[in-house]
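These notes concern the structure reproduced below.
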Amino acid sequence: SVDTSFLDEVRRREAARKEEMRRARERRLFISVTERKSLHEPDEELFVVPPEEGEAAADLSDRARLVGIVVHDALELALFDGSDDPEGLVGRAAASLDDADPEYPSICAESTRLVGAFIASPLYWEISEGAVLGREIPLISIDGDCLLTGRIDLCYRTNEGIVVLDYKTDRIAPEDAERAASRYREQISAYTDAVVRAGAGDGVRVFGVVHFIR
């Protein structure tokens, strides 16, 4: 008889990788997770960045989740050419929400405030002066024996190099920003490493930036 155990294992791993790719393509960083897993032990999570970050996911209200989703979706629509209107971006991003929900006006109002604050920030104008390379980029990358899946919010080029940007809508006091950013150091480092391995940063410096919109 023919031993098919090796082929069966190859097929199992291929099916698992296809499923990871499907999940990565569908993933929104705010409502899912960034994961690094062992290829040899796919059920072992080497690190996980929980959905919107700053508080335990279980403690987040539906309203806070929706604000985060709307802000991310609005910034995905931004042109970064100085013409972006916060109210217009949020209106388009919130189109799928139920406008009969009593929370709808406050969700839109807070999202508009946050998007407006970002558009008024120096970072927005840095992006405007550069070149956007991609937004909401699904990521699946193999690093040694590890498989990384996630989604990059924005990748853009400046005179200094390529920037991998991750938006956060955590409520963070200014004095706590550095400590809060350190929680995501491994995540953003994994993202920048993946961009380098993909060849996008060939001969160019690649930076990782975590930006707290609030």
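Going through the structure tokens in order, the chains are called A, B, and so on, while each chain numbers its residues from 1 and the ligands are numbered from 1 in the order shown.
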Do a neighbour search on segment 119-130 of chain A at 10 Å with only C-alpha atoms, toss out local chain neighbours closer than 5 positions, and write the hits as a PDB file with N, CA, C and O atoms, in the first residue's frame.
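That gives us result_28.pdb:
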ATOM      1  N   LEU A  75     -11.244  57.392   6.597  1.00  0.00           N
ATOM      2  CA  LEU A  75      -9.869  57.686   6.200  1.00  0.00           C
ATOM      3  C   LEU A  75      -9.430  56.834   5.014  1.00  0.00           C
ATOM      4  O   LEU A  75      -8.542  57.238   4.249  1.00  0.00           O
ATOM      5  N   ALA A  78     -10.259  58.939   2.081  1.00  0.00           N
ATOM      6  CA  ALA A  78      -9.601  60.248   1.969  1.00  0.00           C
ATOM      7  C   ALA A  78      -8.698  60.319   0.740  1.00  0.00           C
ATOM      8  O   ALA A  78      -8.018  59.348   0.400  1.00  0.00           O
ATOM      9  N   LEU A  79      -8.700  61.471   0.095  1.00  0.00           N
ATOM     10  CA  LEU A  79      -7.853  61.696  -1.085  1.00  0.00           C
ATOM     11  C   LEU A  79      -6.467  62.208  -0.716  1.00  0.00           C
ATOM     12  O   LEU A  79      -5.536  62.126  -1.506  1.00  0.00           O
ATOM     13  N   PHE A  80      -6.339  62.790   0.475  1.00  0.00           N
ATOM     14  CA  PHE A  80      -5.078  63.364   0.939  1.00  0.00           C
ATOM     15  C   PHE A  80      -4.523  64.385  -0.042  1.00  0.00           C
ATOM     16  O   PHE A  80      -3.334  64.406  -0.361  1.00  0.00           O
ATOM     17  N   ASP A  81      -5.424  65.242  -0.534  1.00  0.00           N
ATOM     18  CA  ASP A  81      -4.993  66.299  -1.451  1.00  0.00           C
ATOM     19  C   ASP A  81      -5.398  67.685  -0.957  1.00  0.00           C
ATOM     20  O   ASP A  81      -5.328  68.661  -1.698  1.00  0.00           O
ATOM     21  N   GLY A  82      -5.827  67.757   0.328  1.00  0.00           N
ATOM     22  CA  GLY A  82      -6.249  69.024   0.899  1.00  0.00           C
ATOM     23  C   GLY A  82      -7.716  69.325   0.703  1.00  0.00           C
ATOM     24  O   GLY A  82      -8.225  70.304   1.262  1.00  0.00           O
ATOM     25  N   SER A  83      -8.423  68.500  -0.083  1.00  0.00           N
ATOM     26  CA  SER A  83      -9.839  68.764  -0.350  1.00  0.00           C
ATOM     27  C   SER A  83     -10.769  67.940   0.528  1.00  0.00           C
ATOM     28  O   SER A  83     -11.990  68.083   0.431  1.00  0.00           O
ATOM     29  N   ASP A  84     -10.226  67.084   1.365  1.00  0.00           N
ATOM     30  CA  ASP A  84     -11.056  66.169   2.147  1.00  0.00           C
ATOM     31  C   ASP A  84     -11.926  66.907   3.156  1.00  0.00           C
ATOM     32  O   ASP A  84     -11.451  67.766   3.911  1.00  0.00           O
ATOM     33  N   ASP A  85     -13.206  66.576   3.145  1.00  0.00           N
ATOM     34  CA  ASP A  85     -14.182  67.180   4.041  1.00  0.00           C
ATOM     35  C   ASP A  85     -14.601  66.137   5.071  1.00  0.00           C
ATOM     36  O   ASP A  85     -15.150  65.091   4.694  1.00  0.00           O
ATOM     37  N   PRO A  86     -14.360  66.381   6.369  1.00  0.00           N
ATOM     38  CA  PRO A  86     -14.668  65.378   7.388  1.00  0.00           C
ATOM     39  C   PRO A  86     -16.118  64.907   7.365  1.00  0.00           C
ATOM     40  O   PRO A  86     -16.401  63.709   7.421  1.00  0.00           O
ATOM     41  N   ARG A 113     -15.653  64.585  14.227  1.00  0.00           N
ATOM     42  CA  ARG A 113     -14.677  65.325  15.035  1.00  0.00           C
ATOM     43  C   ARG A 113     -13.295  64.694  14.935  1.00  0.00           C
ATOM     44  O   ARG A 113     -12.284  65.395  14.764  1.00  0.00           O
ATOM     45  N   LEU A 114     -13.226  63.365  15.035  1.00  0.00           N
ATOM     46  CA  LEU A 114     -11.939  62.678  14.986  1.00  0.00           C
ATOM     47  C   LEU A 114     -11.295  62.776  13.609  1.00  0.00           C
ATOM     48  O   LEU A 114     -10.088  63.015  13.491  1.00  0.00           O
ATOM     49  N   LEU A 154      -2.455  52.230   6.165  1.00  0.00           N
ATOM     50  CA  LEU A 154      -1.985  53.117   5.093  1.00  0.00           C
ATOM     51  C   LEU A 154      -0.479  52.950   4.926  1.00  0.00           C
ATOM     52  O   LEU A 154       0.256  52.801   5.905  1.00  0.00           O
ATOM     53  N   CYS A 155      -0.048  52.980   3.672  1.00  0.00           N
ATOM     54  CA  CYS A 155       1.379  52.928   3.358  1.00  0.00           C
ATOM     55  C   CYS A 155       1.652  54.063   2.372  1.00  0.00           C
ATOM     56  O   CYS A 155       0.956  54.183   1.363  1.00  0.00           O
ATOM     57  N   TYR A 156       2.620  54.916   2.691  1.00  0.00           N
ATOM     58  CA  TYR A 156       2.898  56.040   1.803  1.00  0.00           C
ATOM     59  C   TYR A 156       4.395  56.324   1.759  1.00  0.00           C
ATOM     60  O   TYR A 156       5.158  55.899   2.625  1.00  0.00           O
ATOM     61  N   ARG A 157       4.794  57.046   0.714  1.00  0.00           N
ATOM     62  CA  ARG A 157       6.214  57.357   0.500  1.00  0.00           C
ATOM     63  C   ARG A 157       6.452  58.847   0.731  1.00  0.00           C
ATOM     64  O   ARG A 157       5.652  59.693   0.304  1.00  0.00           O
ATOM     65  N   THR A 158       7.546  59.151   1.409  1.00  0.00           N
ATOM     66  CA  THR A 158       8.000  60.528   1.579  1.00  0.00           C
ATOM     67  C   THR A 158       9.446  60.617   1.081  1.00  0.00           C
ATOM     68  O   THR A 158      10.026  59.625   0.642  1.00  0.00           O
ATOM     69  N   ASN A 159      10.030  61.794   1.196  1.00  0.00           N
ATOM     70  CA  ASN A 159      11.436  61.946   0.813  1.00  0.00           C
ATOM     71  C   ASN A 159      12.357  61.133   1.719  1.00  0.00           C
ATOM     72  O   ASN A 159      13.490  60.822   1.343  1.00  0.00           O
ATOM     73  N   GLU A 160      11.853  60.807   2.921  1.00  0.00           N
ATOM     74  CA  GLU A 160      12.664  60.069   3.885  1.00  0.00           C
ATOM     75  C   GLU A 160      12.585  58.561   3.689  1.00  0.00           C
ATOM     76  O   GLU A 160      13.426  57.819   4.189  1.00  0.00           O
ATOM     77  N   GLY A 161      11.543  58.091   3.015  1.00  0.00           N
ATOM     78  CA  GLY A 161      11.374  56.657   2.832  1.00  0.00           C
ATOM     79  C   GLY A 161       9.907  56.272   2.783  1.00  0.00           C
ATOM     80  O   GLY A 161       9.039  57.098   2.477  1.00  0.00           O
ATOM     81  N   ILE A 162       9.620  55.011   3.090  1.00  0.00           N
ATOM     82  CA  ILE A 162       8.255  54.490   3.079  1.00  0.00           C
ATOM     83  C   ILE A 162       7.751  54.393   4.515  1.00  0.00           C
ATOM     84  O   ILE A 162       8.457  53.900   5.401  1.00  0.00           O
ATOM     85  N   VAL A 163       6.523  54.865   4.729  1.00  0.00           N
ATOM     86  CA  VAL A 163       5.918  54.852   6.064  1.00  0.00           C
ATOM     87  C   VAL A 163       4.755  53.869   6.085  1.00  0.00           C
ATOM     88  O   VAL A 163       3.870  53.919   5.225  1.00  0.00           O
ATOM     89  N   HIS A 211      -0.385  55.984  15.087  1.00  0.00           N
ATOM     90  CA  HIS A 211      -0.936  57.334  15.303  1.00  0.00           C
ATOM     91  C   HIS A 211      -2.253  57.242  16.051  1.00  0.00           C
ATOM     92  O   HIS A 211      -3.208  56.601  15.591  1.00  0.00           O
ATOM     93  N   ILE A 213      -5.489  58.873  16.947  1.00  0.00           N
ATOM     94  CA  ILE A 213      -6.289  59.945  16.360  1.00  0.00           C
ATOM     95  C   ILE A 213      -6.905  60.830  17.442  1.00  0.00           C
ATOM     96  O   ILE A 213      -7.046  62.037  17.260  1.00  0.00           O
TER      97      ILE A 213
END
For this session: Using only C-alpha atoms, find the one residue out of A:Gly88, A:Pro105, A:Gly150, A:Gly199 that sits nearest to Asp166 of chain A.
Result: A:Gly150
